[in-house]
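K.L.:
Have a peek at run.cif (mmCIF, C-alpha atoms).
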data_input
loop_
_atom_site.group_PDB
_atom_site.id
_atom_site.type_symbol
_atom_site.label_atom_id
_atom_site.label_comp_id
_atom_site.auth_asym_id
_atom_site.auth_seq_id
_atom_site.Cartn_x
_atom_site.Cartn_y
_atom_site.Cartn_z
ATOM 1 C CA MET X 9 5.690 -86.004 58.334
ATOM 2 C CA LYS X 10 2.070 -85.491 59.331
ATOM 3 C CA LYS X 11 2.828 -81.800 59.626
ATOM 4 C CA THR X 12 4.158 -81.554 56.009
ATOM 5 C CA VAL X 13 1.143 -83.440 54.609
ATOM 6 C CA PHE X 14 -1.171 -81.199 56.593
ATOM 7 C CA MET X 15 0.650 -78.075 55.294
ATOM 8 C CA LYS X 16 0.421 -79.324 51.670
ATOM 9 C CA VAL X 17 -3.326 -80.028 52.023
ATOM 10 C CA LEU X 18 -3.846 -76.617 53.614
ATOM 11 C CA ALA X 19 -1.872 -74.889 50.806
ATOM 12 C CA LEU X 20 -3.864 -76.803 48.158
ATOM 13 C CA LEU X 21 -7.123 -75.823 49.837
ATOM 14 C CA PHE X 22 -6.005 -72.182 49.992
ATOM 15 C CA VAL X 23 -5.050 -72.142 46.292
ATOM 16 C CA GLY X 24 -8.314 -73.844 45.290
ATOM 17 C CA THR X 25 -10.405 -71.359 47.263
ATOM 18 C CA GLY X 26 -8.520 -68.438 45.696
ATOM 19 C CA ALA X 27 -9.004 -69.811 42.184
ATOM 20 C CA LEU X 28 -12.728 -70.346 42.812
ATOM 21 C CA ALA X 29 -13.147 -66.820 44.177
ATOM 22 C CA TYR X 30 -11.232 -65.345 41.235
ATOM 23 C CA SER X 31 -13.295 -67.210 38.639
ATOM 24 C CA CYS X 32 -16.556 -66.095 40.225
ATOM 25 C CA SER X 33 -15.494 -62.452 40.353
ATOM 26 C CA GLY X 34 -14.372 -62.696 36.715
ATOM 27 C CA ASP X 35 -17.967 -63.350 35.638
ATOM 28 C CA ASP X 36 -19.086 -60.169 37.371
ATOM 29 C CA ILE X 37 -16.356 -58.175 35.665
ATOM 30 C CA PHE X 38 -17.361 -59.619 32.294
ATOM 31 C CA GLU X 39 -20.994 -58.650 32.873
ATOM 32 C CA GLU X 40 -19.972 -55.139 33.934
ATOM 33 C CA GLU X 41 -17.859 -54.762 30.781
ATOM 34 C CA GLU X 42 -20.803 -55.886 28.635
ATOM 35 C CA ASP X 43 -23.081 -53.357 30.350
ATOM 36 C CA ALA X 44 -20.533 -50.584 29.858
ATOM 37 C CA ARG X 45 -20.111 -51.524 26.192
ATOM 38 C CA SER X 46 -23.870 -51.454 25.648
ATOM 39 C CA LEU X 47 -24.150 -48.046 27.288
ATOM 40 C CA ALA X 48 -21.270 -46.706 25.200
ATOM 41 C CA LYS X 49 -22.878 -47.955 21.980
ATOM 42 C CA ARG X 50 -26.188 -46.398 22.963
ATOM 43 C CA ALA X 51 -24.513 -43.074 23.779
ATOM 44 C CA MET X 52 -22.783 -42.977 20.385
ATOM 45 C CA GLN X 53 -25.968 -43.501 18.386
ATOM 46 C CA THR X 54 -27.552 -40.430 16.860
ATOM 47 C CA ARG X 55 -31.001 -39.672 18.125
ATOM 48 C CA GLY X 56 -32.416 -37.901 15.087
ATOM 49 C CA GLU X 57 -32.784 -34.653 17.040
ATOM 50 C CA ASP X 58 -31.313 -32.464 14.329
ATOM 51 C CA ILE X 59 -33.113 -31.739 11.118
ATOM 52 C CA GLY X 60 -32.910 -34.488 8.564
ATOM 53 C CA GLY X 61 -32.763 -37.484 10.882
ATOM 54 C CA THR X 62 -29.920 -39.926 11.194
ATOM 55 C CA ASP X 63 -29.089 -40.702 7.573
ATOM 56 C CA SER X 64 -25.767 -39.647 6.138
ATOM 57 C CA GLY X 65 -27.068 -38.857 2.673
ATOM 58 C CA PRO X 66 -26.126 -35.708 0.777
ATOM 59 C CA ILE X 67 -27.036 -32.389 2.364
ATOM 60 C CA CYS X 68 -26.131 -30.441 -0.742
ATOM 61 C CA LYS X 69 -23.865 -30.450 -3.741
ATOM 62 C CA VAL X 70 -20.747 -28.310 -3.554
ATOM 63 C CA LEU X 71 -19.419 -26.789 -6.768
ATOM 64 C CA ALA X 72 -15.643 -26.758 -7.306
ATOM 65 C CA GLY X 73 -14.063 -23.646 -5.922
ATOM 66 C CA GLU X 74 -11.714 -21.989 -3.511
ATOM 67 C CA ALA X 75 -11.814 -19.755 -0.464
ATOM 68 C CA SER X 76 -9.339 -18.073 1.820
ATOM 69 C CA GLY X 77 -9.114 -16.825 5.364
ATOM 70 C CA ASP X 78 -6.867 -16.519 8.374
ATOM 71 C CA SER X 79 -6.031 -18.727 11.309
ATOM 72 C CA LYS X 80 -7.702 -17.729 14.567
ATOM 73 C CA ASP X 81 -4.420 -16.433 16.012
ATOM 74 C CA GLY X 82 -3.574 -14.517 12.804
ATOM 75 C CA LEU X 83 -0.264 -16.341 12.279
ATOM 76 C CA PHE X 84 -1.251 -18.040 8.998
ATOM 77 C CA SER X 85 -3.013 -17.153 5.790
ATOM 78 C CA ILE X 86 -5.185 -20.130 4.732
ATOM 79 C CA LYS X 87 -6.186 -21.049 1.188
ATOM 80 C CA LEU X 88 -8.721 -23.805 0.481
ATOM 81 C CA LYS X 89 -9.340 -25.488 -2.839
ATOM 82 C CA TRP X 90 -11.886 -28.263 -3.444
ATOM 83 C CA THR X 91 -13.391 -30.363 -6.184
ATOM 84 C CA GLU X 92 -17.076 -30.696 -6.997
ATOM 85 C CA GLY X 93 -18.909 -33.263 -4.910
ATOM 86 C CA ASN X 94 -21.576 -34.013 -2.346
ATOM 87 C CA LEU X 95 -21.480 -32.669 1.173
ATOM 88 C CA THR X 96 -22.840 -35.158 3.691
ATOM 89 C CA ARG X 97 -22.979 -35.105 7.475
ATOM 90 C CA ASP X 98 -19.763 -37.157 7.533
ATOM 91 C CA SER X 99 -17.637 -35.896 4.637
ATOM 92 C CA GLY X 100 -17.343 -33.637 1.637
ATOM 93 C CA PRO X 101 -15.503 -33.259 -1.671
ATOM 94 C CA HIS X 102 -11.707 -33.555 -1.863
ATOM 95 C CA LEU X 103 -10.157 -30.630 -0.031
ATOM 96 C CA THR X 104 -6.662 -29.138 -0.389
ATOM 97 C CA VAL X 105 -5.440 -26.803 2.360
ATOM 98 C CA THR X 106 -2.445 -24.473 2.056
ATOM 99 C CA ALA X 107 -1.129 -22.455 5.004
ATOM 100 C CA SER X 108 1.389 -19.617 4.624
ATOM 101 C CA PRO X 109 3.112 -18.108 7.672
ATOM 102 C CA ARG X 110 2.818 -14.367 8.160
ATOM 103 C CA GLY X 111 6.199 -12.823 8.861
ATOM 104 C CA PHE X 112 7.923 -15.436 10.993
ATOM 105 C CA LEU X 113 10.412 -18.234 10.444
ATOM 106 C CA CYS X 114 8.533 -21.489 10.097
ATOM 107 C CA ARG X 115 9.139 -25.056 8.903
ATOM 108 C CA GLY X 116 7.307 -28.380 8.907
ATOM 109 C CA ILE X 117 3.886 -26.883 8.176
ATOM 110 C CA TYR X 118 1.136 -29.545 8.165
ATOM 111 C CA PRO X 119 -2.350 -28.122 7.587
ATOM 112 C CA ASN X 120 -5.465 -30.291 7.581
ATOM 113 C CA GLY X 121 -9.148 -29.565 7.154
ATOM 114 C CA GLN X 122 -12.524 -31.216 7.247
ATOM 115 C CA TRP X 123 -15.948 -30.320 5.988
ATOM 116 C CA GLN X 124 -18.784 -29.596 8.334
ATOM 117 C CA GLY X 125 -22.242 -28.907 6.971
ATOM 118 C CA SER X 126 -24.755 -29.678 9.660
ATOM 119 C CA THR X 127 -26.346 -26.255 10.116
ATOM 120 C CA GLY X 128 -28.667 -25.915 7.172
ATOM 121 C CA PRO X 129 -27.568 -25.167 3.628
ATOM 122 C CA MET X 130 -24.175 -23.852 4.694
ATOM 123 C CA ALA X 131 -20.746 -25.388 4.544
ATOM 124 C CA HIS X 132 -17.815 -24.757 6.828
ATOM 125 C CA VAL X 133 -14.263 -26.042 6.790
ATOM 126 C CA PHE X 134 -12.476 -26.400 10.109
ATOM 127 C CA GLY X 135 -8.923 -27.516 10.659
ATOM 128 C CA THR X 136 -5.600 -27.261 12.432
ATOM 129 C CA ILE X 137 -2.069 -26.410 11.418
ATOM 130 C CA THR X 138 0.917 -27.972 13.154
ATOM 131 C CA TYR X 139 4.270 -26.321 12.578
ATOM 132 C CA GLU X 140 7.689 -25.506 13.982
ATOM 133 C CA ARG X 141 8.467 -21.871 14.677
ATOM 134 C CA GLY X 142 12.094 -20.724 14.567
ATOM 135 C CA GLU X 143 13.702 -18.331 17.001
ATOM 136 C CA ILE X 144 17.011 -16.843 15.862
ATOM 137 C CA GLU X 145 19.573 -16.076 18.568
ATOM 138 C CA ARG X 146 22.829 -14.140 18.112
ATOM 139 C CA VAL X 147 25.913 -15.715 19.686
ATOM 140 C CA MET X 148 28.586 -13.150 20.552
ATOM 141 C CA ASP X 149 32.198 -13.395 21.635
ATOM 142 C CA ALA X 150 33.737 -11.697 24.690
ATOM 143 C CA TRP X 151 34.249 -8.418 22.771
ATOM 144 C CA GLY X 152 30.588 -8.146 21.658
ATOM 145 C CA ASN X 153 31.112 -9.285 18.082
ATOM 146 C CA VAL X 154 28.533 -11.588 16.519
ATOM 147 C CA VAL X 155 30.156 -14.974 15.993
ATOM 148 C CA ARG X 156 27.182 -16.880 14.610
ATOM 149 C CA PHE X 157 23.415 -17.193 14.613
ATOM 150 C CA ASP X 158 21.667 -20.186 16.217
ATOM 151 C CA THR X 159 18.094 -21.199 15.489
ATOM 152 C CA THR X 160 15.914 -22.863 18.112
ATOM 153 C CA TRP X 161 12.731 -24.600 16.932
ATOM 154 C CA HIS X 162 9.477 -24.778 18.914
ATOM 155 C CA ARG X 163 6.378 -26.779 17.990
ATOM 156 C CA GLY X 164 3.103 -24.951 17.621
ATOM 157 C CA ASN X 165 -0.560 -25.463 16.699
ATOM 158 C CA SER X 166 -3.024 -23.102 15.158
ATOM 159 C CA SER X 167 -6.671 -23.552 14.155
ATOM 160 C CA TYR X 168 -9.019 -22.008 11.626
ATOM 161 C CA GLY X 169 -12.625 -22.031 10.482
ATOM 162 C CA ILE X 170 -13.754 -20.768 7.080
ATOM 163 C CA ASP X 171 -17.341 -20.396 5.855
ATOM 164 C CA ILE X 172 -17.952 -21.388 2.247
ATOM 165 C CA ASP X 173 -19.851 -18.865 0.140
ATOM 166 C CA SER X 174 -23.451 -20.086 -0.320
ATOM 167 C CA SER X 175 -23.225 -19.375 -4.066
ATOM 168 C CA LYS X 176 -20.975 -22.470 -4.249
ATOM 169 C CA LEU X 177 -23.728 -24.698 -2.787
ATOM 170 C CA LEU X 178 -26.631 -26.297 -4.637
ATOM 171 C CA VAL X 179 -29.233 -27.441 -2.134
ATOM 172 C CA GLU X 180 -30.736 -30.763 -3.248
ATOM 173 C CA ASP X 181 -32.577 -31.600 -0.053
ATOM 174 C CA ASP X 182 -35.915 -29.921 0.764
ATOM 175 C CA ARG X 183 -35.599 -30.821 4.464
ATOM 176 C CA TRP X 184 -33.541 -27.646 5.011
ATOM 177 C CA ASN X 185 -36.208 -25.418 3.540
ATOM 178 C CA SER X 186 -38.870 -26.830 5.889
ATOM 179 C CA ALA X 187 -36.623 -26.234 8.932
ATOM 180 C CA SER X 188 -36.907 -22.450 8.811
#
Show me the file's structure as structure tokens.
P.N.:
Amino acid sequence: MKKTVFMKVLALLFVGTGALAYSCSGDDIFEEEEDARSLAKRAMQTRGEDIGGTDSGPICKVLAGEASGDSKDGLFSIKLKWTEGNLTRDSGPHLTVTASPRGFLCRGIYPNGQWQGSTGPMAHVFGTITYERGEIERVMDAWGNVVRFDTTWHRGNSSYGIDIDSSKLLVEDDRWNSAS
């Protein structure tokens, strides 16, 4: 009986010590997480090193228009169309992207694009195209006659970058002129 009481007290002491050690180490982990969060926030802040500082105000006004180009791998012809609006460091006017495959079987084409105008009074549109490319395979019988055609689909990605003609841009911010 004394042995069971002693074992229960010992087990209780062991559990209590473990809980105390765990709670103390939890405070250290919490402090480390706070430090890491602070460093991450600091790293994400802009430093004002580029021209114009850290504001996200308009860089220039973009007139409505359209442009075209090719994907970097030459598989797609890209057409851009946009409305009039302000180009900021974060966004631009509404943009519509159309991608047409060049001479291959394709389905599920999803083009996207985003404005980028952080290099002076110029605008660029960059984006990606996700798609499925079809490969047609002939299935033949034992005598060499074509029985049917099977299509196998493979996913693919393509990217593009198109410069917008500067005649479509109206520079409203004198900061760019003083940068040269």
K.L.:
Between atom CA of X:Gly100 and atom CA of X:Ser175, what is the distance in Å, rounded to a tenth?
P.N.:
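Those two atoms sit 16.4 Å apart.
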K.L.:
Mind checking which residues fall within 7 Å of X:Ile170, counting all atoms listed in the file, ignoring those fewer than 4 positions away in the same chain, and posting them as a PDB file with C-alpha atoms, in the frame of the given file?
P.N.:
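The result, stored in part.pdb:
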ATOM      1  CA  GLY X  77      -9.114 -16.825   5.364  1.00  0.00           C
ATOM      2  CA  HIS X 132     -17.815 -24.757   6.828  1.00  0.00           C
ATOM      3  CA  VAL X 133     -14.263 -26.042   6.790  1.00  0.00           C
ATOM      4  CA  PHE X 134     -12.476 -26.400  10.109  1.00  0.00           C
TER       5      PHE X 134
END
K.L.:
If the PyMOL selection byres ((chain X and resi 120) around 8) is run on the structure shown, which residues does it catch, given as a list of chain:residue names?
P.N.:
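Output of the PyMOL selection byres ((chain X and resi 120) around 8): X:Val105, X:Tyr118, X:Pro119, X:Gly121, X:Gln122, X:Gly135, X:Thr136, X:Ile137.
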K.L.:
Considering only C-alpha atoms, return as a PyMOL selection string whatever protein or nucleic-acid residues lie within 6 Å of stretch 153-166 of chain X, sequence-local ones (same chain, fewer than 2 positions apart) excluded.
P.N.:
chain X and resi 136-149+151
K.L.:
Let me see the file: selected residues, C-alpha atoms, as a PDB file, in the frame of the given file.
P.N.:
ATOM      1  CA  THR X 136      -5.600 -27.261  12.432  1.00  0.00           C
ATOM      2  CA  ILE X 137      -2.069 -26.410  11.418  1.00  0.00           C
ATOM      3  CA  THR X 138       0.917 -27.972  13.154  1.00  0.00           C
ATOM      4  CA  TYR X 139       4.270 -26.321  12.578  1.00  0.00           C
ATOM      5  CA  GLU X 140       7.689 -25.506  13.982  1.00  0.00           C
ATOM      6  CA  ARG X 141       8.467 -21.871  14.677  1.00  0.00           C
ATOM      7  CA  GLY X 142      12.094 -20.724  14.567  1.00  0.00           C
ATOM      8  CA  GLU X 143      13.702 -18.331  17.001  1.00  0.00           C
ATOM      9  CA  ILE X 144      17.011 -16.843  15.862  1.00  0.00           C
ATOM     10  CA  GLU X 145      19.573 -16.076  18.568  1.00  0.00           C
ATOM     11  CA  ARG X 146      22.829 -14.140  18.112  1.00  0.00           C
ATOM     12  CA  VAL X 147      25.913 -15.715  19.686  1.00  0.00           C
ATOM     13  CA  MET X 148      28.586 -13.150  20.552  1.00  0.00           C
ATOM     14  CA  ASP X 149      32.198 -13.395  21.635  1.00  0.00           C
ATOM     15  CA  TRP X 151      34.249  -8.418  22.771  1.00  0.00           C
TER      16      TRP X 151
END
K.L.:
Using only C-alpha atoms, give me every residue within 12 Å of (-19.3, -27.9, -6.1) in file coordinates, as a list in words.
P.N.:
Cys68, Lys69, Val70, Leu71, Ala72, Gly73, Glu74, Lys89, Trp90, Thr91, Glu92, Gly93, Asn94, Leu95, Gly100, Pro101, His102, Leu103, Ala131, Ile172, Asp173, Ser174, Ser175, Lys176, Leu177, Leu178 and Val179 of chain X
K.L.:
Mind pulling up the distance from atom CA of X:Thr104 to atom CA of X:Ser85?
P.N.:
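Straight-line distance from atom CA of X:Ser85 to atom CA of X:Thr104 works out to 14.0 Å.
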K.L.:
Record the distance separating atom CA of X:Phe112 and atom CA of X:Tyr168, expressed in Å with one decimal.
P.N.:
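Interatomic distance here is 18.2 Å.
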K.L.:
Taking all atoms listed in the file into account, name the residue in X:Ser79, X:Ser167, X:Thr96, X:Ser108 that is nearest to X:Gln124.
P.N.:
X:Thr96
